[in-house]
Every structure is written in structure tokens, then in C-alpha cells.
$ cat final_20.csv   # CSV, C-alpha atoms
chain,number,residue,atom,x,y,z
A,14,MET,CA,21.3,40.1,-18.1
A,15,LYS,CA,20.4,37.4,-20.6
A,16,ARG,CA,23.1,35.1,-19.3
A,17,ILE,CA,21.8,35.6,-15.7
A,18,LEU,CA,18.3,34.8,-16.7
A,19,THR,CA,19.5,31.7,-18.5
A,20,VAL,CA,21.4,30.5,-15.4
A,21,ILE,CA,18.3,31.2,-13.2
A,22,PHE,CA,16.0,29.3,-15.6
A,23,VAL,CA,18.4,26.3,-15.7
A,24,ALA,CA,18.7,26.3,-11.9
A,25,LEU,CA,14.9,26.4,-11.5
A,26,HIS,CA,14.5,23.6,-14.1
A,27,LEU,CA,17.0,21.4,-12.3
A,28,GLN,CA,15.3,22.1,-8.9
A,29,ALA,CA,11.9,21.2,-10.3
A,30,CYS,CA,13.3,18.0,-11.7
A,31,ALA,CA,14.9,17.1,-8.4
A,32,GLN,CA,11.7,17.9,-6.5
A,33,GLU,CA,9.7,15.7,-9.0
A,34,LYS,CA,12.1,12.8,-8.3
A,35,VAL,CA,11.8,13.2,-4.6
A,36,ILE,CA,8.0,13.4,-4.5
A,37,LEU,CA,7.5,10.2,-6.5
A,38,GLU,CA,10.5,7.8,-6.6
A,39,LYS,CA,10.9,5.6,-9.5
A,40,PRO,CA,9.7,2.0,-8.9
A,41,LYS,CA,12.2,-0.6,-7.8
A,42,VAL,CA,12.4,-4.1,-6.2
A,43,ASP,CA,13.5,-3.6,-2.6
A,44,GLU,CA,15.7,-6.2,-0.9
A,45,ARG,CA,14.0,-5.7,2.5
A,46,ILE,CA,10.5,-6.4,1.0
A,47,GLU,CA,11.7,-9.5,-0.8
A,48,LEU,CA,13.3,-10.7,2.4
A,49,LEU,CA,10.2,-10.2,4.5
A,50,SER,CA,7.9,-11.7,1.9
A,51,ILE,CA,10.1,-14.8,1.7
A,52,VAL,CA,10.2,-15.2,5.5
A,53,PHE,CA,6.4,-15.1,5.7
A,54,ARG,CA,6.2,-17.5,2.7
A,55,LEU,CA,8.4,-19.9,4.5
A,56,ALA,CA,6.3,-19.4,7.6
A,57,GLU,CA,3.4,-20.6,5.4
A,58,LYS,CA,1.3,-17.4,5.6
A,59,GLN,CA,-1.3,-17.9,3.0
A,60,GLU,CA,-1.3,-14.5,1.4
A,61,TYR,CA,2.5,-14.8,0.8
A,62,SER,CA,2.3,-18.3,-0.6
A,63,ASN,CA,1.0,-17.5,-4.1
A,64,LYS,CA,2.8,-19.5,-6.8
A,65,ASN,CA,1.6,-17.7,-9.9
A,66,PHE,CA,5.1,-16.2,-10.5
A,67,LYS,CA,6.4,-19.8,-11.0
A,68,LEU,CA,9.8,-18.8,-12.3
A,69,TYR,CA,10.6,-16.8,-9.2
A,70,VAL,CA,8.8,-19.1,-6.7
A,71,ASP,CA,10.7,-22.1,-8.0
A,72,ARG,CA,14.0,-20.2,-7.3
A,73,ILE,CA,12.8,-19.3,-3.8
A,74,GLU,CA,11.8,-22.8,-3.0
A,75,GLN,CA,15.0,-24.3,-4.4
A,76,TYR,CA,17.2,-21.9,-2.5
A,77,PHE,CA,15.4,-21.7,0.8
A,78,GLU,CA,14.0,-25.2,1.2
A,79,LYS,CA,16.7,-26.1,3.8
A,80,TYR,CA,16.0,-23.1,5.9
A,81,LYS,CA,12.2,-23.8,6.5
A,82,ASN,CA,13.0,-24.7,10.1
A,83,HIS,CA,15.3,-21.8,10.8
A,84,GLU,CA,14.6,-20.3,14.3
A,85,LEU,CA,13.4,-17.1,12.6
A,86,ILE,CA,10.7,-19.0,10.7
A,87,GLN,CA,9.6,-20.8,13.9
A,88,PHE,CA,9.4,-17.5,15.8
A,89,THR,CA,7.6,-15.9,12.8
A,90,LYS,CA,5.0,-18.7,13.0
A,91,SER,CA,4.5,-18.0,16.7
A,92,ILE,CA,3.9,-14.2,16.2
A,93,ILE,CA,1.5,-14.9,13.3
A,94,SER,CA,-0.5,-17.1,15.6
A,95,GLU,CA,-0.3,-14.9,18.7
A,96,ASN,CA,-0.4,-11.4,17.2
A,97,GLY,CA,-2.2,-11.9,13.9
A,98,ILE,CA,0.6,-10.4,11.8
A,99,ALA,CA,-0.7,-10.8,8.3
A,100,PHE,CA,-1.2,-9.0,4.9
A,101,ASP,CA,0.4,-5.6,5.3
A,102,GLY,CA,2.0,-6.5,8.6
A,103,PRO,CA,5.3,-7.8,7.2
A,104,MET,CA,5.6,-4.8,4.9
A,105,TRP,CA,5.3,-2.4,7.9
A,106,MET,CA,8.4,-4.1,9.3
A,107,ALA,CA,10.2,-4.1,6.0
A,108,VAL,CA,10.1,-0.3,5.5
A,109,HIS,CA,11.2,0.3,9.1
A,110,LEU,CA,14.5,-1.3,8.5
A,111,ASP,CA,17.7,0.2,7.0
A,112,ASP,CA,20.0,-1.5,4.5
A,113,HIS,CA,21.7,-3.4,7.3
A,114,LEU,CA,18.4,-4.6,8.8
A,115,ASN,CA,18.6,-2.3,11.8
A,116,LEU,CA,15.5,-0.4,12.9
A,117,LEU,CA,15.5,3.1,11.4
A,118,ALA,CA,16.4,5.6,14.2
A,119,ASP,CA,14.7,8.8,12.8
A,120,VAL,CA,11.2,7.5,12.5
A,121,LYS,CA,8.4,6.5,14.8
A,122,ASP,CA,8.6,2.9,16.0
A,123,VAL,CA,6.8,0.3,13.9
A,124,TRP,CA,4.7,-0.7,16.9
A,125,GLN,CA,3.3,2.9,17.1
A,126,LEU,CA,1.9,2.5,13.6
A,127,ASP,CA,1.0,-1.2,13.5
A,128,PRO,CA,0.1,-2.6,17.0
A,129,ARG,CA,0.4,-6.2,15.7
A,130,TRP,CA,4.2,-5.6,16.1
A,131,THR,CA,5.0,-5.1,19.8
A,132,LYS,CA,8.2,-3.8,21.2
A,133,GLU,CA,8.9,-7.2,22.6
A,134,ASN,CA,8.4,-9.2,19.5
A,135,VAL,CA,10.3,-6.7,17.3
A,136,GLU,CA,13.3,-6.8,19.7
A,137,LYS,CA,13.4,-10.6,19.2
A,138,PHE,CA,12.4,-10.6,15.5
A,139,VAL,CA,15.0,-8.2,14.2
A,140,PRO,CA,18.2,-10.0,15.5
A,141,LEU,CA,16.7,-13.3,14.2
A,142,LEU,CA,16.1,-11.7,10.8
A,143,GLN,CA,19.7,-10.5,10.7
A,144,LYS,CA,20.9,-14.0,11.5
A,145,PHE,CA,18.6,-15.5,8.8
A,146,TYR,CA,20.0,-13.0,6.3
A,147,GLU,CA,23.6,-14.1,7.2
A,148,ASP,CA,22.8,-17.8,7.5
A,149,THR,CA,21.1,-18.0,4.1
A,150,LYS,CA,23.5,-15.6,2.4
A,151,PHE,CA,20.4,-13.8,1.2
A,152,ASP,CA,22.5,-11.2,-0.6
A,153,ILE,CA,23.6,-13.9,-3.0
A,154,PHE,CA,20.0,-14.9,-3.8
A,155,PHE,CA,19.0,-11.3,-4.3
A,156,ASN,CA,22.0,-10.5,-6.6
A,157,ASP,CA,21.4,-13.7,-8.6
A,158,ASN,CA,17.9,-12.3,-9.5
A,159,VAL,CA,18.8,-8.7,-10.4
A,160,ASP,CA,18.1,-9.3,-14.1
A,161,LEU,CA,14.6,-10.6,-13.3
A,162,TYR,CA,14.0,-7.7,-11.0
A,163,ALA,CA,15.1,-5.2,-13.6
A,164,GLU,CA,12.8,-6.7,-16.2
A,165,THR,CA,9.9,-6.6,-13.8
A,166,VAL,CA,10.5,-2.9,-13.0
A,167,ASN,CA,10.9,-2.2,-16.7
A,168,ARG,CA,7.5,-3.7,-17.4
A,169,PHE,CA,5.9,-1.6,-14.6
A,170,THR,CA,7.4,1.7,-15.7
A,171,PRO,CA,4.6,2.7,-18.0
A,172,ILE,CA,2.2,2.5,-15.0
A,173,TYR,CA,4.5,4.7,-12.9
A,174,GLU,CA,4.6,7.3,-15.7
A,175,GLN,CA,0.8,7.7,-15.6
A,176,VAL,CA,0.5,8.4,-11.8
A,177,ASP,CA,-1.1,11.8,-11.2
A,178,LEU,CA,-0.1,12.8,-7.7
A,179,ASN,CA,-1.5,16.3,-8.2
A,180,TRP,CA,-5.0,14.9,-8.4
A,181,LEU,CA,-4.6,13.3,-5.0
A,182,PHE,CA,-3.5,16.6,-3.5
A,183,SER,CA,-6.4,18.5,-5.1
A,184,PHE,CA,-9.1,15.9,-4.4
A,185,PHE,CA,-8.3,15.5,-0.7
A,186,GLY,CA,-7.5,19.2,-0.3
A,187,LYS,CA,-4.1,18.6,1.2
A,188,GLU,CA,-0.8,20.2,0.5
A,189,PRO,CA,1.9,17.8,-0.7
A,190,THR,CA,4.2,17.1,2.3
A,191,GLU,CA,4.8,13.4,1.7
A,192,PHE,CA,7.4,11.6,-0.3
A,193,PHE,CA,5.9,8.7,-2.4
A,194,SER,CA,7.6,5.5,-3.4
A,195,ILE,CA,6.5,2.5,-5.5
A,196,LYS,CA,8.0,-0.9,-4.7
A,197,ILE,CA,7.4,-4.0,-6.8
A,198,GLY,CA,7.1,-7.0,-4.5
A,199,CYS,CA,8.1,-10.0,-6.6
A,200,GLY,CA,7.5,-12.3,-3.7
A,201,ILE,CA,4.3,-10.9,-2.1
A,202,GLY,CA,1.9,-12.6,-4.4
A,203,ALA,CA,-1.1,-10.8,-6.0
A,204,ASN,CA,-1.8,-8.4,-3.1
A,205,CYS,CA,-0.9,-4.8,-2.8
A,206,TYR,CA,-0.1,-2.9,0.4
A,207,GLY,CA,0.0,0.8,1.4
A,208,VAL,CA,2.4,1.5,4.4
A,209,ASN,CA,4.3,4.5,5.5
A,210,LEU,CA,7.1,5.9,7.5
A,211,ASP,CA,6.5,8.8,9.9
A,212,TYR,CA,9.7,10.7,10.6
A,213,ILE,CA,10.4,12.3,13.9
A,214,ASN,CA,10.8,15.6,12.1
A,215,GLY,CA,7.2,15.4,10.8
A,216,ASN,CA,7.9,14.2,7.3
A,217,ARG,CA,6.2,11.2,5.9
A,218,LYS,CA,7.2,8.6,3.2
A,219,VAL,CA,4.3,6.7,1.7
A,220,TYR,CA,4.8,3.3,0.0
A,221,SER,CA,2.7,1.6,-2.6
A,222,ILE,CA,3.9,-2.0,-2.5
A,223,MET,CA,2.7,-3.7,-5.6
A,224,GLY,CA,2.2,-7.4,-6.1
A,225,LEU,CA,2.1,-8.9,-9.5
A,226,TRP,CA,0.2,-11.2,-11.8
A,227,VAL,CA,1.6,-13.8,-14.1
A,228,ASP,CA,-0.7,-15.7,-16.5
A,229,ASN,CA,-0.2,-19.3,-17.5
A,230,ASN,CA,1.3,-18.3,-20.9
A,231,SER,CA,4.2,-16.3,-19.6
A,232,ASP,CA,7.1,-16.7,-17.2
A,233,LEU,CA,7.2,-12.9,-16.6
A,234,PRO,CA,4.6,-10.6,-15.0
A,235,LYS,CA,2.3,-8.5,-17.1
A,236,PHE,CA,1.0,-5.1,-16.0
A,237,SER,CA,-1.8,-2.9,-17.4
A,238,ILE,CA,-3.0,0.7,-16.9
A,239,LYS,CA,-6.6,-0.4,-16.2
A,240,ARG,CA,-5.5,-2.9,-13.5
A,241,GLU,CA,-2.3,-1.6,-11.8
A,242,LEU,CA,-2.8,2.2,-12.0
A,243,PRO,CA,-6.0,2.2,-9.9
A,244,LEU,CA,-4.2,0.0,-7.4
A,245,VAL,CA,-1.3,2.4,-7.1
A,246,ILE,CA,-3.8,5.3,-6.5
A,247,HIS,CA,-5.6,3.1,-4.0
A,248,GLU,CA,-2.5,2.6,-1.9
A,249,PHE,CA,-1.3,6.2,-2.2
A,250,SER,CA,-4.8,7.4,-1.0
A,251,HIS,CA,-4.4,5.7,2.3
A,252,PRO,CA,-2.4,8.4,4.0
A,253,PHE,CA,-5.0,10.9,3.0
A,254,VAL,CA,-7.9,8.7,4.2
A,255,ASP,CA,-6.6,6.7,7.1
A,256,LYS,CA,-7.6,8.1,10.5
A,257,LEU,CA,-10.4,10.2,9.1
A,258,THR,CA,-12.9,7.8,10.6
A,259,GLU,CA,-11.0,7.7,13.8
A,260,LYS,CA,-11.1,11.5,14.1
A,261,ASN,CA,-14.9,11.4,13.7
A,262,LYS,CA,-15.4,8.1,15.5
A,263,GLU,CA,-18.5,9.0,17.4
A,264,LEU,CA,-20.3,10.4,14.3
A,265,PHE,CA,-19.8,7.0,12.6
A,266,ARG,CA,-19.9,4.5,15.4
A,267,ASP,CA,-23.6,3.4,15.3
A,268,SER,CA,-23.9,3.3,11.5
A,269,GLY,CA,-20.4,2.0,11.0
A,270,GLU,CA,-21.0,-1.0,13.2
A,271,LYS,CA,-24.3,-1.8,11.5
A,272,ILE,CA,-23.2,-1.4,7.9
A,273,THR,CA,-20.0,-3.4,8.3
A,274,SER,CA,-21.5,-6.4,10.1
A,275,GLY,CA,-20.7,-9.4,8.0
A,276,VAL,CA,-17.7,-7.8,6.2
A,277,ILE,CA,-15.1,-7.8,9.0
A,278,THR,CA,-12.2,-10.0,8.0
A,279,GLU,CA,-8.6,-10.8,9.1
A,280,ALA,CA,-7.4,-8.0,6.7
A,281,TYR,CA,-10.1,-5.5,7.8
A,282,SER,CA,-10.5,-6.3,11.4
A,283,SER,CA,-12.7,-3.4,12.7
A,284,TRP,CA,-15.6,-1.3,11.4
A,285,GLU,CA,-13.2,1.8,11.4
A,286,ILE,CA,-10.7,0.0,9.2
A,287,VAL,CA,-13.6,-1.1,6.8
A,288,LEU,CA,-14.9,2.5,6.6
A,289,ASP,CA,-11.4,3.8,5.8
A,290,GLU,CA,-10.8,1.0,3.2
A,291,ILE,CA,-14.0,1.6,1.3
A,292,LEU,CA,-13.3,5.3,1.3
A,293,VAL,CA,-10.0,4.6,-0.3
A,294,ASN,CA,-11.7,2.4,-2.9
A,295,ALA,CA,-14.3,5.1,-3.6
A,296,SER,CA,-11.5,7.7,-4.0
A,297,MET,CA,-9.8,5.3,-6.5
A,298,ILE,CA,-13.1,5.2,-8.5
A,299,MET,CA,-13.2,9.0,-8.5
A,300,TYR,CA,-9.7,9.1,-9.8
A,301,MET,CA,-10.7,6.7,-12.6
A,302,LYS,CA,-13.7,8.9,-13.5
A,303,ASP,CA,-11.5,12.0,-13.7
A,304,HIS,CA,-8.8,10.3,-15.8
A,305,ASP,CA,-10.9,9.0,-18.8
A,306,PHE,CA,-11.1,5.3,-17.8
A,307,LYS,CA,-13.7,3.5,-19.8
A,308,GLN,CA,-17.1,3.0,-18.0
A,309,SER,CA,-16.6,-0.7,-18.4
A,310,GLU,CA,-13.3,-0.6,-16.5
A,311,ILE,CA,-14.9,1.5,-13.7
A,312,GLU,CA,-17.8,-1.0,-13.5
A,313,MET,CA,-15.3,-3.9,-13.4
A,314,TRP,CA,-13.6,-2.4,-10.3
A,315,ILE,CA,-16.9,-1.6,-8.6
A,316,ASN,CA,-18.0,-5.2,-9.1
A,317,ILE,CA,-14.7,-6.4,-7.7
A,318,ILE,CA,-15.1,-4.2,-4.6
A,319,LYS,CA,-18.6,-5.4,-4.0
A,320,SER,CA,-18.0,-9.1,-4.7
A,321,ALA,CA,-14.5,-9.6,-3.2
A,322,PHE,CA,-14.9,-7.4,-0.1
A,323,GLY,CA,-18.7,-7.2,0.4
A,324,PHE,CA,-18.6,-3.4,0.3
A,325,PHE,CA,-22.2,-3.3,-1.2
A,326,TRP,CA,-22.5,0.5,-0.6
A,327,ILE,CA,-19.6,1.5,-2.8
A,328,GLU,CA,-21.8,3.1,-5.5
A,329,GLU,CA,-23.6,5.2,-3.0
A,330,LEU,CA,-20.3,6.3,-1.5
A,331,VAL,CA,-18.9,7.3,-4.9
A,332,GLU,CA,-22.1,9.4,-5.5
A,333,GLU,CA,-21.5,11.1,-2.2
A,334,LEU,CA,-17.9,11.9,-3.1
A,335,GLU,CA,-19.2,13.4,-6.4
A,336,ARG,CA,-21.4,15.7,-4.3
A,337,TYR,CA,-18.3,16.6,-2.3
A,338,ALA,CA,-16.4,17.4,-5.5
A,339,LYS,CA,-19.1,19.8,-6.6
A,340,GLN,CA,-19.0,21.8,-3.3
A,341,ARG,CA,-15.3,22.4,-2.8
A,342,ASP,CA,-16.0,26.1,-2.1
A,343,LYS,CA,-17.9,25.0,1.0
A,344,TYR,CA,-15.9,21.8,1.8
A,345,PRO,CA,-12.2,22.5,0.9
A,346,THR,CA,-11.0,19.2,2.2
A,347,LEU,CA,-12.4,15.7,2.4
A,348,GLU,CA,-11.9,15.9,6.2
A,349,SER,CA,-14.2,18.9,6.3
A,350,TYR,CA,-16.9,16.8,4.6
A,351,MET,CA,-16.8,13.9,7.1
A,352,PRO,CA,-19.9,15.2,9.1
A,353,LYS,CA,-21.9,15.1,5.8
A,354,LEU,CA,-20.5,11.7,5.0
A,355,ALA,CA,-21.6,10.5,8.5
A,356,GLU,CA,-25.2,11.6,7.7
A,357,ALA,CA,-25.2,9.6,4.6
A,358,TYR,CA,-23.9,6.5,6.5
A,359,LYS,CA,-26.9,6.7,8.8
A,360,ILE,CA,-29.2,6.4,5.8
A,361,TRP,CA,-27.3,3.5,4.3
A,362,ALA,CA,-27.1,1.6,7.5
A,363,LYS,CA,-30.9,2.1,8.0
A,364,ASN,CA,-31.6,0.9,4.5
A,365,LYS,CA,-29.5,-2.2,5.1
A,366,GLN,CA,-31.9,-3.4,7.9
$ encode --input "final_20.csv" --output "C-alpha cells"
Amino acid sequence: MKRILTVIFVALHLQACAQEKVILEKPKVDERIELLSIVFRLAEKQEYSNKNFKLYVDRIEQYFEKYKNHELIQFTKSIISENGIAFDGPMWMAVHLDDHLNLLADVKDVWQLDPRWTKENVEKFVPLLQKFYEDTKFDIFFNDNVDLYAETVNRFTPIYEQVDLNWLFSFFGKEPTEFFSIKIGCGIGANCYGVNLDYINGNRKVYSIMGLWVDNNSDLPKFSIKRELPLVIHEFSHPFVDKLTEKNKELFRDSGEKITSGVITEAYSSWEIVLDEILVNASMIMYMKDHDFKQSEIEMWINIIKSAFGFFWIEELVEELERYAKQRDKYPTLESYMPKLAEAYKIWAKNKQ
């Protein structure tokens, strides 16, 4: 009996470890993400043209300079202009490709999740991307930088080890059905993006694609808990938050249009997207409050959210989420609290006038 119990314990332990690895994959640098970021850098998309990681950017420019007029780059410039593919747009494409740069067959099409990508431009873009990969011998460039990628991931690992997915499931009141993955984007500049794959069988894989910062005193990126951990949580909050406004659109329409006037941007192109984005930011602040971040660190992030994005009502929204957190017996999920949140928005929109 003792031997049987031991076998059962070991089996359960191994199963738990396997599940933990599946739920949150270890961070890595992904060849598809580097490829797409370099393509959009060559196409001169501003948010992909950051040069802070000078060591890596110099290698990119030296290797790919002669391919700046490749037909893929010319086509990419045209769809940037015509379809507004920007910011997270290239990353949606990256995760919808397999290792051979074919579209994944067992997921919803990329144009179903990001309408900036159309069936027509995808069917032209993907073969050109494959040709660019072959023409540039991109695999050689990627393999030549594996040591740099490994060191970057090693520097990010302490952040990964602090991610508390259980808080997300608890706060949003949603059972964990997604797989989560952190990718380090060495070529995407200082931005971070949250994108996902929706599988035909109903599963979902959520990506937090992390940009990086390099100061003038170092050739290699530096990461910190107070900066990168909130950003990971921000991106992982998107699948819990996105579409909540859409589901309650008529409750928010009038107040949403009023309160977001003046803060619509290329990245946040509608009042619905703005409301989802600030709710993600407020959820990130709630995570920080529940994980012993210093008040000065919380205030730093609130100031960034207000000054960089114009989300002047972030503090009121955080207070509303605190009220939600105290009434979980009545509101078991954030989705069930949306009508109350809509009432608060009417007040904030009125006070703005």
C-alpha cells in the first residue's frame, strides 16, 4: 500500500508540474516575432524603429540593409498605408504562423481577430514573407544571435518567476482555460503587445510579447520587477477584459464617446478599445496593490497612464474596481459588474463636461 501511495503521489506531482508548464510557458525569443518586427522596421513603421538596443539594431541594419527594397517590404508599406497595420498588428500575424511560416490550420483566421489583416492581403503577404525569409537567409541571422537571445531571456527570467496567474483567474472570476506564453521581442522596440490564438476546438493561447529597454550605459537589456511585471500582467489581462465593453456596448455608448473624446489614437482607434484598454490598466494597478508594490511605484504607473495616454479617470476606475473586489459575493465576475461600471462612467463623463 505504501508503495502504491508513493507511485500515486509521484504521478500527481509530475502531472501538476506538467500542467504548470503548460499554463505559463517559459519566456523565449521567437523567430516569427523577430522576423515580423524586422520586416516592419525595414518598412519604416515608427513603433518598430526604436534604436535603443543598439547592439542588436546595428546587426539588423548591417545584415538587412540590402533588402530594404525587397518586394515584401514594398507590399508591407502599402498595407500599412491602406489598412493601418500598426503596433500589435504585426504580432497578430506572427503568432498565426507555424515554424514554416504557413498559416496555422487549427485556429481562427487572423483576419477574424484583427480586421486590419484581410483575407486578400494575408494571401499575398504570407508567400512574400516566405520568399523574404529564403532570400535573406533569415535563419542564419537568427542563429547568429542565439547567444544574445539566451542572455536576454536569462535576464527576464526573474520577472517570469513572479507572475501570479491565479490572481488573474480570481480577480476576473474566470476559470483558467487559456495557455499563457511570454515572448521577448528583441526587435519590437520598447512597446509590449497582448495577442492571442483562438483554436477551433475552443482553446485559447494568450501571448504577452515584451519589448525591452536598454540604457546608454549597457549594451544589453535591463529588466525590473516594478516595470516589467506590471506590463506582463497588463498584457495577460487583455483576454479577460477585451470584448466586455462590446458585450455591453449600449450601456457605455454615450458616456464612452464623451469621456474618450480627445484620447483616440492610432493605437486605440475607437471608444470601445479605449474603455477596454483603461480597464486593463486599472486591473494592472489592482494587481500591484494586491502584491505589495510600493505606493510610489503604483503612483508612478498611474501618472504614466494619465500623462502618456490621457486616461485621466484611471484613479476613479481603480476605486470602482476596489468596490467590485469587496462585493464578490454579489458580483462573482467582472463581467457581472459591468452594468455598475456603466453607471460610474455616466458620472465621470458628466463631470468631464
$ closest_atom_pairs --input "final_20.csv" --of "range 160-184 of chain A" --to "range 234-242 of chain A" --cutoff "8 Å" --atoms "all atoms listed in the file" --output "CSV"
residue,atom,partner,partner_atom,distance
A:Thr165,CA,A:Pro234,CA,6.7
A:Arg168,CA,A:Phe236,CA,6.8
A:Phe169,CA,A:Phe236,CA,6.2
A:Pro171,CA,A:Ile238,CA,7.9
A:Ile172,CA,A:Ile238,CA,5.8
A:Tyr173,CA,A:Leu242,CA,7.8
A:Gln175,CA,A:Leu242,CA,7.5
A:Val176,CA,A:Leu242,CA,7.0
$ atom_distance --input "final_20.csv" --atom1 "CA of Arg217 in chain A" --atom2 "CA of Phe182 in chain A"
14.5 Å
$ closest_residue --input "final_20.csv" --among "A:Pro252, A:Gly102, A:Pro243, A:Gly323" --to "Val276 in chain A" --atoms "all atoms listed in the file"
A:Gly323
$ closest_residue --input "final_20.csv" --among "A:Phe100, A:Asn261, A:Met313, A:Tyr300" --to "Gly207 in chain A" --atoms "all atoms listed in the file"
A:Phe100
$ closest_residue --input "final_20.csv" --among "A:Glu47, A:Ile315, A:Asp303, A:Val42" --to "Val166 in chain A" --atoms "only C-alpha atoms"
A:Val42
$ closest_residue --input "final_20.csv" --among "A:Val52, A:Val135, A:Ala338, A:Thr278" --to "Lys302 in chain A" --atoms "all atoms listed in the file"
A:Ala338
$ closest_residue --input "final_20.csv" --among "A:Glu95, A:Met104, A:Tyr162, A:Lys343" --to "Thr131 in chain A" --atoms "all atoms listed in the file"
A:Glu95
$ residues_around --input "final_20.csv" --residues "Gln87 in chain A" --least-positions-apart "2" --cutoff "12 Å" --atoms "only C-alpha atoms" --output "ChimeraX atom specification"
/A:52-53,55-57,80-85,89-94,138,141-142,145
$ atom_distance --input "final_20.csv" --atom1 "CA of Val287 in chain A" --atom2 "CA of Glu310 in chain A"
23.3 Å
$ atom_distance --input "final_20.csv" --atom1 "CA of Glu191 in chain A" --atom2 "CA of Ser250 in chain A"
11.6 Å
$ residues_around --input "final_20.csv" --residues "Ala357 in chain A" --least-positions-apart "4" --cutoff "8 Å" --atoms "all atoms listed in the file" --output "PDB file with C-alpha atoms, in the frame of the given file"
ATOM      1  CA  GLU A 333     -21.500  11.100  -2.200  1.00  0.00           C
ATOM      2  CA  LYS A 353     -21.900  15.100   5.800  1.00  0.00           C
ATOM      3  CA  TRP A 361     -27.300   3.500   4.300  1.00  0.00           C
TER       4      TRP A 361
END
$ residues_around --input "final_20.csv" --residues "Lys39 in chain A" --least-positions-apart "6" --cutoff "10 Å" --atoms "all atoms listed in the file" --output "ChimeraX atom specification"
/A:166,170,173-174,193-196
$ closest_residue --input "final_20.csv" --among "A:Ala99, A:Ser283, A:Val159, A:Ile36" --to "Pro189 in chain A" --atoms "only C-alpha atoms"
A:Ile36
$ residues_around --input "final_20.csv" --residues "Lys121 in chain A" --least-positions-apart "4" --cutoff "8 Å" --atoms "all atoms listed in the file" --output "list in words"
Gln125, Leu126, Leu210, Asp211, Tyr212 and Ile213 of chain A
$ write_last_selection --input "final_20.csv" --atoms "C-alpha atoms" --output "mmCIF file, keeping the file's coordinate frame"
data_model
loop_
_atom_site.group_PDB
_atom_site.id
_atom_site.type_symbol
_atom_site.label_atom_id
_atom_site.label_comp_id
_atom_site.auth_asym_id
_atom_site.auth_seq_id
_atom_site.Cartn_x
_atom_site.Cartn_y
_atom_site.Cartn_z
ATOM 1 C CA GLN A 125 3.300 2.900 17.100
ATOM 2 C CA LEU A 126 1.900 2.500 13.600
ATOM 3 C CA LEU A 210 7.100 5.900 7.500
ATOM 4 C CA ASP A 211 6.500 8.800 9.900
ATOM 5 C CA TYR A 212 9.700 10.700 10.600
ATOM 6 C CA ILE A 213 10.400 12.300 13.900
#
$ residues_around --input "final_20.csv" --residues "Met351 in chain A" --least-positions-apart "5" --cutoff "9 Å" --atoms "all atoms listed in the file" --output "list in words"
Leu257, Thr258, Asn261, Leu264 and Glu356 of chain A
$ decode --input "final_20.csv" --residues "range 161-173 of chain A" --atoms "N, CA and C atoms" --output "PDB file, in the first residue's frame"
ATOM      1  N   LEU A 161      22.812  36.050 -27.825  1.00  0.00           N
ATOM      2  CA  LEU A 161      22.212  37.308 -27.388  1.00  0.00           C
ATOM      3  C   LEU A 161      20.782  37.067 -26.910  1.00  0.00           C
ATOM      4  N   TYR A 162      20.038  36.246 -27.647  1.00  0.00           N
ATOM      5  CA  TYR A 162      18.672  35.928 -27.243  1.00  0.00           C
ATOM      6  C   TYR A 162      18.653  35.200 -25.898  1.00  0.00           C
ATOM      7  N   ALA A 163      19.572  34.260 -25.738  1.00  0.00           N
ATOM      8  CA  ALA A 163      19.618  33.478 -24.498  1.00  0.00           C
ATOM      9  C   ALA A 163      19.912  34.366 -23.294  1.00  0.00           C
ATOM     10  N   GLU A 164      20.825  35.304 -23.460  1.00  0.00           N
ATOM     11  CA  GLU A 164      21.160  36.208 -22.359  1.00  0.00           C
ATOM     12  C   GLU A 164      19.985  37.127 -22.040  1.00  0.00           C
ATOM     13  N   THR A 165      19.271  37.566 -23.061  1.00  0.00           N
ATOM     14  CA  THR A 165      18.104  38.414 -22.846  1.00  0.00           C
ATOM     15  C   THR A 165      17.033  37.672 -22.070  1.00  0.00           C
ATOM     16  N   VAL A 166      16.762  36.433 -22.452  1.00  0.00           N
ATOM     17  CA  VAL A 166      15.775  35.612 -21.734  1.00  0.00           C
ATOM     18  C   VAL A 166      16.223  35.360 -20.308  1.00  0.00           C
ATOM     19  N   ASN A 167      17.506  35.085 -20.106  1.00  0.00           N
ATOM     20  CA  ASN A 167      18.043  34.855 -18.772  1.00  0.00           C
ATOM     21  C   ASN A 167      17.821  36.071 -17.871  1.00  0.00           C
ATOM     22  N   ARG A 168      17.962  37.253 -18.420  1.00  0.00           N
ATOM     23  CA  ARG A 168      17.760  38.472 -17.653  1.00  0.00           C
ATOM     24  C   ARG A 168      16.282  38.712 -17.332  1.00  0.00           C
ATOM     25  N   PHE A 169      15.403  38.136 -18.150  1.00  0.00           N
ATOM     26  CA  PHE A 169      13.969  38.323 -17.929  1.00  0.00           C
ATOM     27  C   PHE A 169      13.369  37.274 -16.993  1.00  0.00           C
ATOM     28  N   THR A 170      14.063  36.167 -16.786  1.00  0.00           N
ATOM     29  CA  THR A 170      13.505  35.034 -16.033  1.00  0.00           C
ATOM     30  C   THR A 170      13.016  35.405 -14.632  1.00  0.00           C
ATOM     31  N   PRO A 171      13.699  36.260 -13.865  1.00  0.00           N
ATOM     32  CA  PRO A 171      13.164  36.630 -12.546  1.00  0.00           C
ATOM     33  C   PRO A 171      11.777  37.282 -12.613  1.00  0.00           C
ATOM     34  N   ILE A 172      11.459  37.967 -13.711  1.00  0.00           N
ATOM     35  CA  ILE A 172      10.126  38.547 -13.888  1.00  0.00           C
ATOM     36  C   ILE A 172       9.114  37.426 -14.069  1.00  0.00           C
ATOM     37  N   TYR A 173       9.437  36.499 -14.951  1.00  0.00           N
ATOM     38  CA  TYR A 173       8.567  35.346 -15.221  1.00  0.00           C
ATOM     39  C   TYR A 173       8.238  34.591 -13.933  1.00  0.00           C
TER      40      TYR A 173
END
